[in-house]
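Engineer: This is the content of model-v3.tsv (TSV, C-alpha atoms):
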chain	number	residue	atom	x	y	z
A	17	MET	CA	15.81	13.26	-23.22
A	18	SER	CA	14.15	12.32	-19.92
A	19	MET	CA	11.34	14.49	-18.61
A	20	LEU	CA	12.76	13.87	-15.11
A	21	ASP	CA	15.85	15.54	-13.65
A	22	ILE	CA	18.18	12.54	-13.73
A	23	ARG	CA	20.77	14.41	-11.68
A	24	VAL	CA	18.54	13.79	-8.65
A	25	PRO	CA	18.57	10.15	-7.44
A	26	ALA	CA	15.70	8.39	-5.69
A	27	VAL	CA	15.67	6.28	-2.53
A	28	VAL	CA	12.87	3.72	-2.24
A	29	LEU	CA	12.22	2.68	1.37
A	30	ARG	CA	10.36	-0.42	2.53
A	31	ILE	CA	10.54	-1.66	6.12
A	32	ASP	CA	8.00	-4.47	5.73
A	33	ARG	CA	9.71	-7.78	4.94
A	34	ASN	CA	7.25	-8.94	2.25
A	35	PRO	CA	9.53	-10.30	-0.53
A	36	PHE	CA	6.68	-10.19	-3.06
A	37	HIS	CA	5.87	-6.50	-2.78
A	38	HIS	CA	5.43	-5.68	-6.46
A	39	GLY	CA	4.86	-2.00	-5.76
A	40	THR	CA	8.54	-1.64	-4.88
A	41	LEU	CA	9.50	-3.08	-8.24
A	42	GLY	CA	7.03	-0.71	-9.91
A	43	ALA	CA	8.73	2.31	-8.33
A	44	VAL	CA	12.19	1.04	-9.31
A	45	ARG	CA	11.13	0.51	-12.93
A	46	SER	CA	9.17	3.74	-13.24
A	47	LEU	CA	12.12	5.91	-12.22
A	48	GLY	CA	14.88	3.70	-13.59
A	49	ARG	CA	13.36	3.72	-17.08
A	50	ALA	CA	13.46	7.51	-16.99
A	51	GLY	CA	17.19	7.43	-16.24
A	52	VAL	CA	17.00	8.15	-12.50
A	53	GLU	CA	19.54	6.47	-10.23
A	54	VAL	CA	17.44	4.29	-7.89
A	55	HIS	CA	18.59	3.09	-4.46
A	56	VAL	CA	16.48	0.53	-2.60
A	57	VAL	CA	16.41	0.37	1.19
A	58	ALA	CA	14.63	-2.95	1.75
A	59	ASP	CA	15.24	-6.58	2.58
A	60	CYS	CA	15.59	-7.97	-0.95
A	61	ALA	CA	17.60	-11.11	-0.17
A	62	GLY	CA	14.70	-13.35	-1.19
A	63	SER	CA	12.89	-10.88	-3.43
A	64	PRO	CA	12.69	-10.61	-7.22
A	65	VAL	CA	13.22	-6.86	-6.85
A	66	ARG	CA	16.98	-7.31	-6.42
A	67	ARG	CA	17.17	-8.77	-9.94
A	68	SER	CA	15.90	-5.62	-11.65
A	69	ARG	CA	18.42	-4.00	-13.93
A	70	PHE	CA	17.13	-0.61	-12.77
A	71	VAL	CA	18.40	-1.01	-9.18
A	72	ARG	CA	21.58	1.00	-8.70
A	73	ALA	CA	22.27	-0.18	-5.14
A	74	LEU	CA	20.65	-2.11	-2.31
A	75	HIS	CA	20.87	-0.92	1.30
A	76	ALA	CA	19.97	-2.78	4.50
A	77	PRO	CA	16.64	-1.55	5.92
A	78	PRO	CA	15.84	-0.82	9.55
A	79	PRO	CA	14.38	-3.85	11.35
A	80	PRO	CA	10.58	-4.16	11.56
A	81	GLY	CA	9.27	-2.36	14.60
A	82	SER	CA	12.06	0.24	14.53
A	83	SER	CA	11.34	3.61	16.07
A	84	PRO	CA	11.24	6.67	13.81
A	85	GLU	CA	14.60	7.69	15.26
A	86	GLU	CA	16.12	4.34	14.25
A	87	VAL	CA	14.65	4.68	10.76
A	88	GLY	CA	16.12	8.16	10.57
A	89	ARG	CA	19.60	6.87	11.50
A	90	VAL	CA	19.46	4.27	8.72
A	91	LEU	CA	18.34	6.85	6.19
A	92	ARG	CA	21.12	9.24	7.18
A	93	ARG	CA	23.67	6.48	6.53
A	94	VAL	CA	22.08	5.81	3.14
A	95	ALA	CA	22.16	9.52	2.33
A	96	ALA	CA	25.88	9.63	3.07
A	97	ARG	CA	26.45	6.77	0.59
A	98	VAL	CA	24.28	8.35	-2.09
A	99	GLY	CA	26.23	11.55	-1.70
A	100	ARG	CA	23.63	14.12	-2.77
A	101	PRO	CA	20.01	15.00	-1.96
A	102	ALA	CA	17.56	12.37	-3.23
A	103	VAL	CA	13.81	12.02	-3.56
A	104	LEU	CA	12.66	9.70	-0.77
A	105	ILE	CA	9.72	7.36	-1.44
A	106	PRO	CA	8.36	5.26	1.46
A	107	MET	CA	6.51	2.23	0.08
A	108	ASP	CA	4.77	1.07	3.26
A	109	ASP	CA	2.92	2.67	6.15
A	110	ALA	CA	5.74	2.07	8.65
A	111	GLY	CA	8.14	4.00	6.46
A	112	ALA	CA	5.65	6.78	5.69
A	113	VAL	CA	4.87	7.28	9.39
A	114	ALA	CA	8.56	7.30	10.38
A	115	VAL	CA	9.51	9.74	7.62
A	116	GLY	CA	6.59	11.98	8.58
A	117	ARG	CA	7.77	12.12	12.19
A	118	MET	CA	11.42	12.71	11.20
A	119	ARG	CA	10.74	15.13	8.38
A	120	GLU	CA	12.64	18.09	9.83
A	121	GLU	CA	15.74	15.98	10.49
A	122	LEU	CA	15.63	14.32	7.06
A	123	ALA	CA	14.75	17.37	4.95
A	124	PRO	CA	18.36	18.55	4.45
A	125	LEU	CA	19.28	15.13	3.01
A	126	PHE	CA	16.14	14.22	1.06
A	127	LEU	CA	13.52	15.95	-1.06
A	128	LEU	CA	10.16	15.50	0.69
A	129	PRO	CA	6.62	16.86	0.25
A	130	VAL	CA	5.69	19.64	2.68
A	131	THR	CA	2.91	17.97	4.63
A	132	PRO	CA	2.22	18.18	8.39
A	133	GLY	CA	4.52	15.63	10.02
A	134	ALA	CA	1.78	13.98	12.10
A	135	LEU	CA	-0.67	13.69	9.20
A	136	PRO	CA	0.64	10.44	7.63
A	137	GLU	CA	0.36	8.72	11.01
A	138	ARG	CA	-3.08	10.17	11.62
A	139	VAL	CA	-4.60	8.90	8.37
A	140	ALA	CA	-2.78	5.53	8.45
A	141	ASP	CA	-4.16	4.79	11.93
A	142	LYS	CA	-7.50	3.02	11.30
A	143	ALA	CA	-9.10	4.35	14.49
A	144	GLU	CA	-7.94	7.92	13.80
A	145	LEU	CA	-9.25	7.67	10.24
A	146	ALA	CA	-12.74	6.98	11.54
A	147	GLY	CA	-12.57	10.29	13.42
A	148	VAL	CA	-11.24	12.11	10.36
A	149	CYS	CA	-14.15	10.86	8.27
A	150	ALA	CA	-16.65	11.86	10.94
A	151	SER	CA	-15.21	15.38	11.10
A	152	LEU	CA	-15.47	15.74	7.30
A	153	ASP	CA	-18.91	14.12	7.04
A	154	MET	CA	-17.45	11.43	4.80
A	155	ALA	CA	-19.04	7.98	4.76
A	156	HIS	CA	-17.09	5.39	6.76
A	157	PRO	CA	-18.23	2.06	8.21
A	158	GLN	CA	-19.52	2.34	11.77
A	159	THR	CA	-16.45	1.77	13.93
A	160	LEU	CA	-16.21	0.80	17.61
A	161	VAL	CA	-12.98	0.63	19.65
A	162	PRO	CA	-13.47	-1.67	22.66
A	163	ASP	CA	-11.57	-1.17	25.91
A	164	SER	CA	-12.14	-4.70	27.18
A	165	ALA	CA	-13.03	-8.19	26.01
A	166	VAL	CA	-16.55	-7.62	27.30
A	167	GLN	CA	-16.83	-4.48	25.16
A	168	ALA	CA	-15.49	-6.38	22.15
A	169	VAL	CA	-18.32	-8.89	22.51
A	170	ALA	CA	-20.84	-6.08	22.96
A	171	ALA	CA	-19.45	-4.33	19.86
A	172	VAL	CA	-20.05	-7.26	17.53
A	173	SER	CA	-23.50	-7.70	19.03
A	174	LYS	CA	-24.27	-4.08	18.16
A	175	LEU	CA	-22.66	-4.16	14.71
A	176	GLY	CA	-24.01	-7.55	13.75
A	177	LEU	CA	-22.14	-10.57	12.40
A	178	PRO	CA	-20.06	-10.88	10.44
A	179	ALA	CA	-18.07	-7.81	11.49
A	180	VAL	CA	-14.67	-6.56	10.40
A	181	ALA	CA	-11.80	-6.56	12.91
A	182	LYS	CA	-8.74	-4.38	12.27
A	183	TRP	CA	-5.66	-3.42	14.20
A	184	SER	CA	-5.46	0.34	14.49
A	185	ARG	CA	-1.79	0.43	13.43
A	186	PRO	CA	-1.28	-2.65	11.29
A	187	TRP	CA	2.36	-1.83	10.57
A	188	LEU	CA	3.12	-2.74	14.22
A	189	VAL	CA	1.77	-6.30	13.95
A	190	PRO	CA	4.75	-8.72	14.19
A	191	ALA	CA	5.22	-10.72	11.00
A	192	ASP	CA	5.56	-14.03	12.87
A	193	SER	CA	2.49	-13.56	15.10
A	194	GLY	CA	-0.02	-15.22	12.76
A	195	LEU	CA	-2.22	-12.13	13.08
A	196	ARG	CA	-3.71	-10.47	10.03
A	197	SER	CA	-4.21	-6.72	9.73
A	198	THR	CA	-7.88	-7.29	8.84
A	199	VAL	CA	-10.10	-10.31	9.51
A	200	LEU	CA	-13.79	-11.10	9.22
A	201	VAL	CA	-15.18	-11.94	12.67
A	202	ARG	CA	-18.03	-14.46	12.65
A	203	SER	CA	-18.57	-15.00	16.37
A	204	ALA	CA	-18.36	-13.24	19.71
A	205	ARG	CA	-15.68	-15.73	20.72
A	206	GLN	CA	-13.44	-14.61	17.87
A	207	ALA	CA	-13.85	-10.99	18.92
A	208	ARG	CA	-12.94	-11.86	22.50
A	209	GLU	CA	-9.87	-13.89	21.45
A	210	LEU	CA	-8.65	-11.16	19.15
A	211	TYR	CA	-8.96	-8.52	21.86
A	212	ALA	CA	-6.86	-10.72	24.15
A	213	ARG	CA	-4.00	-10.38	21.64
A	214	SER	CA	-4.02	-6.57	21.56
A	215	GLY	CA	-0.72	-6.37	23.42
A	216	GLU	CA	0.90	-8.71	20.92
A	217	ALA	CA	-0.51	-6.76	17.97
A	218	GLY	CA	0.94	-3.50	19.27
A	219	SER	CA	-2.15	-1.34	18.79
A	220	ARG	CA	-5.86	-1.13	19.53
A	221	LEU	CA	-8.43	-3.52	18.10
A	222	LEU	CA	-11.29	-1.86	16.30
A	223	LEU	CA	-14.48	-3.44	15.04
A	224	GLN	CA	-16.41	-2.20	12.02
A	225	ALA	CA	-19.73	-2.85	10.38
A	226	PHE	CA	-19.29	-5.17	7.43
A	227	LEU	CA	-20.15	-3.80	4.00
A	228	PRO	CA	-20.61	-6.81	1.70
A	229	PRO	CA	-18.50	-6.85	-1.46
A	230	GLY	CA	-20.11	-7.21	-4.84
A	231	PRO	CA	-19.93	-6.16	-8.47
A	232	ASP	CA	-18.95	-2.52	-8.91
A	233	ARG	CA	-18.51	-1.98	-5.16
A	234	ASP	CA	-14.73	-2.00	-4.56
A	235	TRP	CA	-12.85	1.07	-5.75
A	236	PHE	CA	-9.50	2.71	-5.20
A	237	PHE	CA	-7.94	6.05	-6.01
A	238	HIS	CA	-4.24	6.75	-6.43
A	239	GLY	CA	-2.97	10.29	-6.70
A	240	TYR	CA	-0.25	12.78	-5.97
A	241	ALA	CA	-1.10	16.06	-4.21
A	242	ASP	CA	1.46	18.57	-5.47
A	243	ARG	CA	2.90	21.63	-3.72
A	244	SER	CA	-0.29	23.60	-4.37
A	245	GLY	CA	-2.56	20.75	-3.26
A	246	LEU	CA	-3.69	19.90	-6.80
A	247	VAL	CA	-4.17	16.14	-7.29
A	248	ARG	CA	-2.11	14.89	-10.22
A	249	GLY	CA	-0.85	11.68	-11.80
A	250	GLY	CA	-3.43	9.11	-10.73
A	251	GLY	CA	-6.96	7.94	-11.29
A	252	THR	CA	-9.89	5.81	-10.14
A	253	GLY	CA	-9.77	2.05	-10.40
A	254	SER	CA	-12.22	-0.77	-9.88
A	255	LYS	CA	-11.05	-3.85	-8.06
A	256	GLN	CA	-11.83	-6.86	-10.24
A	257	ARG	CA	-10.18	-9.48	-8.05
A	258	ALA	CA	-8.58	-9.36	-4.61
A	259	ARG	CA	-6.45	-11.60	-2.44
A	260	PRO	CA	-8.02	-12.73	-0.17
A	261	ARG	CA	-11.36	-12.61	-1.99
A	262	GLY	CA	-13.56	-9.70	-0.95
A	263	ALA	CA	-10.71	-7.97	0.92
A	264	GLY	CA	-7.01	-7.44	0.79
A	265	LEU	CA	-4.73	-6.38	-2.03
A	266	THR	CA	-5.79	-5.91	-5.64
A	267	SER	CA	-4.76	-8.84	-7.80
A	268	VAL	CA	-6.64	-7.55	-10.88
A	269	GLY	CA	-7.58	-3.89	-11.24
A	270	ARG	CA	-8.96	-1.78	-14.05
A	271	TRP	CA	-8.69	1.95	-14.72
A	272	THR	CA	-12.32	3.04	-14.63
A	273	ALA	CA	-13.55	6.63	-14.59
A	274	ASN	CA	-15.58	7.45	-11.48
A	275	PRO	CA	-16.13	11.19	-10.89
A	276	GLN	CA	-17.72	10.57	-7.46
A	277	VAL	CA	-14.69	8.73	-6.12
A	278	ARG	CA	-12.31	11.34	-7.57
A	279	ALA	CA	-14.32	14.13	-5.95
A	280	LEU	CA	-14.16	12.37	-2.57
A	281	ALA	CA	-10.38	11.90	-2.89
A	282	GLU	CA	-9.84	15.55	-3.75
A	283	ARG	CA	-12.12	16.66	-0.92
A	284	ILE	CA	-10.36	14.73	1.83
A	285	THR	CA	-6.80	15.55	0.72
A	286	GLY	CA	-7.74	19.21	0.28
A	287	ALA	CA	-9.44	19.45	3.67
A	288	LEU	CA	-6.46	17.86	5.43
A	289	GLY	CA	-3.81	19.83	3.57
A	290	TYR	CA	-2.20	16.56	2.52
A	291	ARG	CA	0.82	16.69	0.19
A	292	GLY	CA	2.47	13.71	-1.47
A	293	ILE	CA	1.45	10.32	-2.85
A	294	PHE	CA	-1.65	8.64	-1.47
A	295	ASP	CA	-3.76	5.52	-2.03
A	296	LEU	CA	-7.40	5.41	-0.94
A	297	ASP	CA	-9.73	2.39	-0.78
A	298	PHE	CA	-13.51	2.75	-1.03
A	299	ARG	CA	-16.46	0.37	-0.86
A	300	ARG	CA	-19.86	1.35	-2.19
A	301	CYS	CA	-22.75	0.44	0.07
A	302	GLY	CA	-25.21	-1.74	-1.79
A	303	THR	CA	-28.13	-0.24	0.15
A	304	THR	CA	-27.43	3.50	0.12
A	305	GLY	CA	-25.06	3.72	-2.86
A	306	ARG	CA	-22.63	5.87	-0.81
A	307	TYR	CA	-18.89	5.33	-1.15
A	308	HIS	CA	-17.33	4.56	2.24
A	309	LEU	CA	-13.64	5.36	2.73
A	310	LEU	CA	-12.03	2.22	4.13
A	311	ASP	CA	-8.32	3.09	4.09
A	312	PHE	CA	-6.07	6.10	3.56
A	313	ASN	CA	-2.53	4.94	2.77
A	314	PRO	CA	-0.01	7.83	2.83
A	315	ARG	CA	2.25	6.25	0.19
A	316	PRO	CA	2.00	4.59	-3.24
A	317	GLY	CA	-0.40	1.69	-3.59
A	318	ALA	CA	1.16	-1.52	-4.88
A	319	GLN	CA	-0.75	-1.25	-8.18
A	320	PHE	CA	0.07	2.44	-8.81
A	321	ARG	CA	1.52	1.64	-12.24
A	322	LEU	CA	-2.03	0.97	-13.46
A	323	PHE	CA	-2.43	4.73	-13.68
A	324	THR	CA	0.24	5.49	-16.27
A	325	ASP	CA	-1.18	8.04	-18.70
A	326	THR	CA	-0.35	8.69	-22.36
A	327	ALA	CA	2.56	10.97	-21.31
A	328	GLY	CA	4.08	8.22	-19.16
A	329	LEU	CA	3.16	9.98	-15.91
A	330	ASP	CA	2.37	8.01	-12.75
A	331	VAL	CA	2.30	9.12	-9.12
A	332	VAL	CA	5.96	8.26	-8.47
A	333	ARG	CA	7.14	10.25	-11.46
A	334	ALA	CA	4.80	13.07	-10.47
A	335	LEU	CA	6.47	13.19	-7.05
A	336	HIS	CA	9.97	13.32	-8.55
A	337	LEU	CA	9.01	15.99	-11.08
A	338	ASP	CA	7.26	18.19	-8.53
A	339	LEU	CA	10.00	18.00	-5.90
A	340	THR	CA	12.65	18.87	-8.50
A	341	HIS	CA	10.53	21.80	-9.73
A	342	ARG	CA	9.92	20.35	-13.17
A	343	PRO	CA	6.61	20.68	-15.01
A	344	LEU	CA	4.28	17.70	-15.05
A	345	PRO	CA	3.29	16.67	-18.59
A	346	GLU	CA	-0.37	16.80	-19.55
A	347	GLY	CA	-1.20	13.26	-20.63
A	348	ALA	CA	-4.60	11.71	-21.27
A	349	PRO	CA	-6.14	9.00	-19.04
A	350	ARG	CA	-6.21	5.42	-20.33
A	351	PRO	CA	-9.53	4.00	-19.09
A	352	GLY	CA	-9.90	0.27	-19.46
A	353	ARG	CA	-6.22	-0.37	-18.84
A	354	ALA	CA	-5.66	-3.36	-16.54
A	355	PHE	CA	-3.13	-4.30	-13.88
A	356	VAL	CA	-2.55	-7.96	-13.01
A	357	VAL	CA	-0.45	-9.57	-10.28
A	358	GLU	CA	0.53	-12.79	-12.02
A	359	ASN	CA	1.26	-14.96	-8.97
A	360	TYR	CA	-2.20	-14.18	-7.56
A	361	ALA	CA	-4.17	-14.21	-10.84
A	362	PRO	CA	-2.21	-16.20	-13.44
A	363	LEU	CA	-5.17	-16.83	-15.76
A	364	SER	CA	-6.03	-13.13	-15.86
A	365	ALA	CA	-2.52	-12.44	-17.11
A	366	LEU	CA	-3.23	-14.58	-20.18
A	367	ARG	CA	-6.59	-13.11	-21.15
A	368	PRO	CA	-6.86	-10.50	-23.94
A	369	ALA	CA	-6.53	-6.89	-22.80
A	370	PRO	CA	-7.61	-4.64	-25.68
A	371	ALA	CA	-7.16	-1.43	-23.67
A	372	GLY	CA	-3.68	-2.39	-22.48
A	373	ARG	CA	-2.33	-4.17	-19.43
A	374	GLU	CA	0.61	-3.95	-17.06
A	375	LEU	CA	1.90	-7.01	-15.24
A	376	ALA	CA	3.30	-6.64	-11.76
A	377	TRP	CA	6.41	-8.76	-12.35
A	378	HIS	CA	7.00	-9.42	-16.04
A	379	ALA	CA	8.31	-6.69	-18.35
A	380	PRO	CA	10.00	-7.01	-21.77
A	381	ASP	CA	12.76	-4.57	-20.78
A	382	ASP	CA	13.37	-6.10	-17.34
A	383	ARG	CA	12.85	-9.86	-17.55
A	384	ALA	CA	14.91	-11.13	-14.61
A	385	PRO	CA	12.42	-10.20	-11.82
A	386	GLY	CA	9.61	-12.10	-13.58
A	387	ARG	CA	11.69	-15.25	-13.89
A	388	ALA	CA	12.88	-14.96	-10.28
A	389	MET	CA	9.33	-14.42	-9.05
A	390	TRP	CA	8.10	-17.79	-10.30
A	391	GLN	CA	11.09	-19.62	-8.81
A	392	LEU	CA	10.66	-17.93	-5.43
A	393	TRP	CA	6.87	-18.15	-5.50
A	394	SER	CA	6.95	-21.90	-6.17
A	395	ARG	CA	9.11	-22.44	-3.10
A	396	HIS	CA	6.92	-20.08	-1.06
A	397	ALA	CA	3.71	-21.87	-2.09
A	398	ALA	CA	5.20	-25.30	-1.39
A	399	GLY	CA	6.24	-24.15	2.08
A	400	ARG	CA	2.74	-22.91	2.85
A	401	VAL	CA	1.23	-26.26	1.80
A	402	ILE	CA	3.65	-28.12	4.10
A	403	ASP	CA	2.81	-25.78	6.99
A	404	ARG	CA	-0.93	-26.39	6.52
A	405	LEU	CA	-0.42	-30.14	6.57
A	406	ARG	CA	1.46	-30.09	9.87
A	407	PRO	CA	-0.63	-30.90	12.96
A	408	VAL	CA	-1.33	-27.94	15.25
A	409	ALA	CA	0.68	-28.31	18.44
A	410	PRO	CA	-1.22	-28.15	21.77
A	411	GLY	CA	-1.61	-24.56	22.89
A	412	ARG	CA	-0.69	-23.12	19.53
A	413	PHE	CA	-2.95	-20.29	18.41
A	414	THR	CA	-4.92	-20.96	15.25
A	415	ARG	CA	-5.41	-17.97	12.99
A	416	LEU	CA	-9.02	-16.83	13.20
A	417	ASP	CA	-9.36	-15.84	9.54
A	418	ARG	CA	-8.67	-19.28	8.08
Would you give me this structure, written as structure tokens?
Structural biologist:
Amino acid sequence: MSMLDIRVPAVVLRIDRNPFHHGTLGAVRSLGRAGVEVHVVADCAGSPVRRSRFVRALHAPPPPGSSPEEVGRVLRRVAARVGRPAVLIPMDDAGAVAVGRMREELAPLFLLPVTPGALPERVADKAELAGVCASLDMAHPQTLVPDSAVQAVAAVSKLGLPAVAKWSRPWLVPADSGLRSTVLVRSARQARELYARSGEAGSRLLLQAFLPPGPDRDWFFHGYADRSGLVRGGGTGSKQRARPRGAGLTSVGRWTANPQVRALAERITGALGYRGIFDLDFRRCGTTGRYHLLDFNPRPGAQFRLFTDTAGLDVVRALHLDLTHRPLPEGAPRPGRAFVVENYAPLSALRPAPAGRELAWHAPDDRAPGRAMWQLWSRHAAGRVIDRLRPVAPGRFTRLDR
């Protein structure tokens, strides 16, 4: 018998067009294995996710850049097809922000955490997050938001080089723009050129002091804040490898106990009154030893399945259980457990893992997505090689982070 209420379906929403978003597959498998009917609202035409045997139905997503009202219209159509209230799980920031704004309109059709509607947008916005950290006296890299190209140059002069450049609302960056959500700026010229593309990026450019990566410095926390605000179903992880190196998504992570990081996560979610799934990224300063909050993602992190305890609880299951008023089982943590994204770290997937390991794509009970991933990834990688070999046309913008 499933610990989840299988009468209540789930709708997994992803607006971002990334076909290799393994977190979406993780959510599908986590709920599908428990017997929940899972609907996916995402562009899965070229994604291994569509091959999972746990997908009940695929639905066309709203286009990238859609307004919250447009996202709401799509979700209402999906709700009519599902036919009964479902647990809604946004898997990217664009979806989380839109659902937060449209919560009152969507609440009759979907089961949603009771969190202030503007809060997901506030914490996902990189510039707003800097203000949140300042108000809570939480360590955060020094952040400057220039209002002109001249100020952008002055900012990197003040911060020192290299500096980190981020777009305040990265979910608004067009996929075909060649812009990255985060880049390492190594010259004043790069800062000036990036600022000139602010209109194209759709949000403000911010510049941050660079905290160098290193052993035992990159940490993340995944959790679920339940109806009472208690953090459940997650844990602290250390980032062993990332893509790109020193930044970006976790390609190899390990469940590692860190009471300081957990305390920081509980403090910020408690102070904000946050409810729902969240994913926080921290970097420890090598000089002061303080943990700086880099990102607050108001949705599941792509590697959330790392934190599956001995009772089978993860943050997605915790959400479903809590919103259907079912008790959350008391499982034990599994420190040392690893999570590996095979297409980014293939050798790590082959190494021994005495404490257990979960692969992003391959699973004995759901083999088709793993096979499809390698076929699609081979074509994707070949296409990138061809693109890099093509000469740059006159006037074409060259990505600054290459």
Engineer: Could you state the separation of CA of Ala155 (chain A) and CA of Ala217 (chain A) in Å, given to one decimal place?
Structural biologist: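 Straight-line distance from CA of Ala155 (chain A) to CA of Ala217 (chain A) works out to 27.1 Å.
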Engineer: Would you list the contacts of Arg66 (chain A) as a short mmCIF file (atom, residue, chain, number, x, y, z; two decimals) with C-alpha atoms, in the coordinates of the input, taking every protein, DNA or RNA residue within 10 Å and counting only C-alpha atoms, but skipping same-chain residues closer than 4 positions in sequence?
Structural biologist:
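The resulting file, part.cif, is reproduced below:
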data_model
loop_
_atom_site.label_atom_id
_atom_site.label_comp_id
_atom_site.auth_asym_id
_atom_site.auth_seq_id
_atom_site.Cartn_x
_atom_site.Cartn_y
_atom_site.Cartn_z
CA PRO A 35 9.53 -10.30 -0.53
CA LEU A 41 9.50 -3.08 -8.24
CA VAL A 56 16.48 0.53 -2.60
CA ALA A 58 14.63 -2.95 1.75
CA ASP A 59 15.24 -6.58 2.58
CA CYS A 60 15.59 -7.97 -0.95
CA ALA A 61 17.60 -11.11 -0.17
CA GLY A 62 14.70 -13.35 -1.19
CA PHE A 70 17.13 -0.61 -12.77
CA VAL A 71 18.40 -1.01 -9.18
CA ARG A 72 21.58 1.00 -8.70
CA ALA A 73 22.27 -0.18 -5.14
CA LEU A 74 20.65 -2.11 -2.31
CA ALA A 384 14.91 -11.13 -14.61
CA PRO A 385 12.42 -10.20 -11.82
CA ALA A 388 12.88 -14.96 -10.28
#
Engineer: Go through region 164-222 of chain A and flag each residue having an atom no more than 12 Å from region 308-331 of chain A; for those, report the closest pair of atoms plus their distance in Å to one decimal, using only C-alpha atoms, ordered by chain and rising number, as JSON lines.
Structural biologist:
{"residue": "A:Val180", "atom": "CA", "partner": "A:Leu310", "partner_atom": "CA", "distance": 11.1}
{"residue": "A:Lys182", "atom": "CA", "partner": "A:Leu310", "partner_atom": "CA", "distance": 11.0}
{"residue": "A:Ser184", "atom": "CA", "partner": "A:Asp311", "partner_atom": "CA", "distance": 11.1}
{"residue": "A:Arg185", "atom": "CA", "partner": "A:Asn313", "partner_atom": "CA", "distance": 11.6}
{"residue": "A:Pro186", "atom": "CA", "partner": "A:Asn313", "partner_atom": "CA", "distance": 11.5}
{"residue": "A:Trp187", "atom": "CA", "partner": "A:Asn313", "partner_atom": "CA", "distance": 11.4}
{"residue": "A:Thr198", "atom": "CA", "partner": "A:Leu310", "partner_atom": "CA", "distance": 11.4}
Engineer: Keeping only C-alpha atoms, take the residues you just selected and write them out as a short mmCIF file (atom, residue, chain, number, x, y, z; two decimals), in the coordinates of the input.
Structural biologist:
data_model
loop_
_atom_site.label_atom_id
_atom_site.label_comp_id
_atom_site.auth_asym_id
_atom_site.auth_seq_id
_atom_site.Cartn_x
_atom_site.Cartn_y
_atom_site.Cartn_z
CA VAL A 180 -14.67 -6.56 10.40
CA LYS A 182 -8.74 -4.38 12.27
CA SER A 184 -5.46 0.34 14.49
CA ARG A 185 -1.79 0.43 13.43
CA PRO A 186 -1.28 -2.65 11.29
CA TRP A 187 2.36 -1.83 10.57
CA THR A 198 -7.88 -7.29 8.84
#
Engineer: Give the answer as one residue: which of A:Ser267, A:Ser173, A:Gln206, A:Thr131 has the shortest atom-to-atom distance to Gly116 (chain A), using all atoms listed in the file?
Structural biologist: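 When distances to Gly116 (chain A) are compared using all atoms listed in the file, the smallest one comes from A:Thr131.
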Engineer: Distance table requested - region 178-255 of chain A against region 287-300 of chain A, cut-off 8 Å, all atoms listed in the file: one row per qualifying residue with the closest atom pair and its distance in Å to one decimal, ordered by chain and rising residue number, as a tab-separated table.
Structural biologist:
residue	atom	partner	partner_atom	distance
A:Leu227	CA	A:Arg299	CA	7.4
A:Pro229	CA	A:Arg299	CA	7.5
A:Asp232	CA	A:Arg300	CA	7.8
A:Arg233	CA	A:Arg300	CA	4.7
A:Asp234	CA	A:Arg299	CA	4.7
A:Trp235	CA	A:Phe298	CA	5.1
A:Phe236	CA	A:Asp297	CA	4.4
A:Phe237	CA	A:Leu296	CA	5.1
A:His238	CA	A:Asp295	CA	4.6
A:Gly239	CA	A:Phe294	CA	5.6
A:Tyr240	CA	A:Ile293	CA	4.3
A:Ala241	CA	A:Arg291	CA	4.8
A:Asp242	CA	A:Arg291	CA	6.0
A:Arg243	CA	A:Arg291	CA	6.6
A:Gly245	CA	A:Arg291	CA	6.3
Engineer: Report as JSON, numbers by chain all protein, DNA and RNA residues lying within 12 Å of His378 (chain A), evaluated on all atoms listed in the file, omitting residues in the same chain fewer than 5 positions from it.
Structural biologist: {"A": [38, 41, 42, 45, 64, 65, 67, 68, 355, 356, 357, 358, 359, 362, 365, 373, 383, 384, 385, 386, 387, 388, 389, 390]}
Engineer: Do you know which residues are at most 12 Å from Leu177 (chain A) counting all atoms listed in the file, after dropping those on the same chain fewer than 2 positions away, and could you put them as a list of chain:residue names?
Structural biologist: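 Here the answer would be A:Val169, A:Ala170, A:Ala171, A:Val172, A:Ser173, A:Lys174, A:Leu175, A:Ala179, A:Val180, A:Ala181, A:Leu200, A:Val201, A:Arg202, A:Ser203, A:Ala204, A:Arg205, A:Gln206, A:Ala207, A:Leu223, A:Gln224, A:Ala225, A:Phe226, A:Leu227, A:Pro228.
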Engineer: By how many Å are CA of Val277 (chain A) and CA of Arg350 (chain A) apart?
Structural biologist: 16.9 Å
Engineer: Work out how far CA of Leu222 (chain A) is from CA of Glu86 (chain A), in Å to one decimal.
Structural biologist: 28.2 Å
Engineer: From the list A:Gly194, A:Gly111, A:Pro129, A:Pro79, which residue is nearest His341 (chain A) when using only C-alpha atoms?
Structural biologist: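 With only C-alpha atoms as the atom set, the closest residue is A:Pro129.
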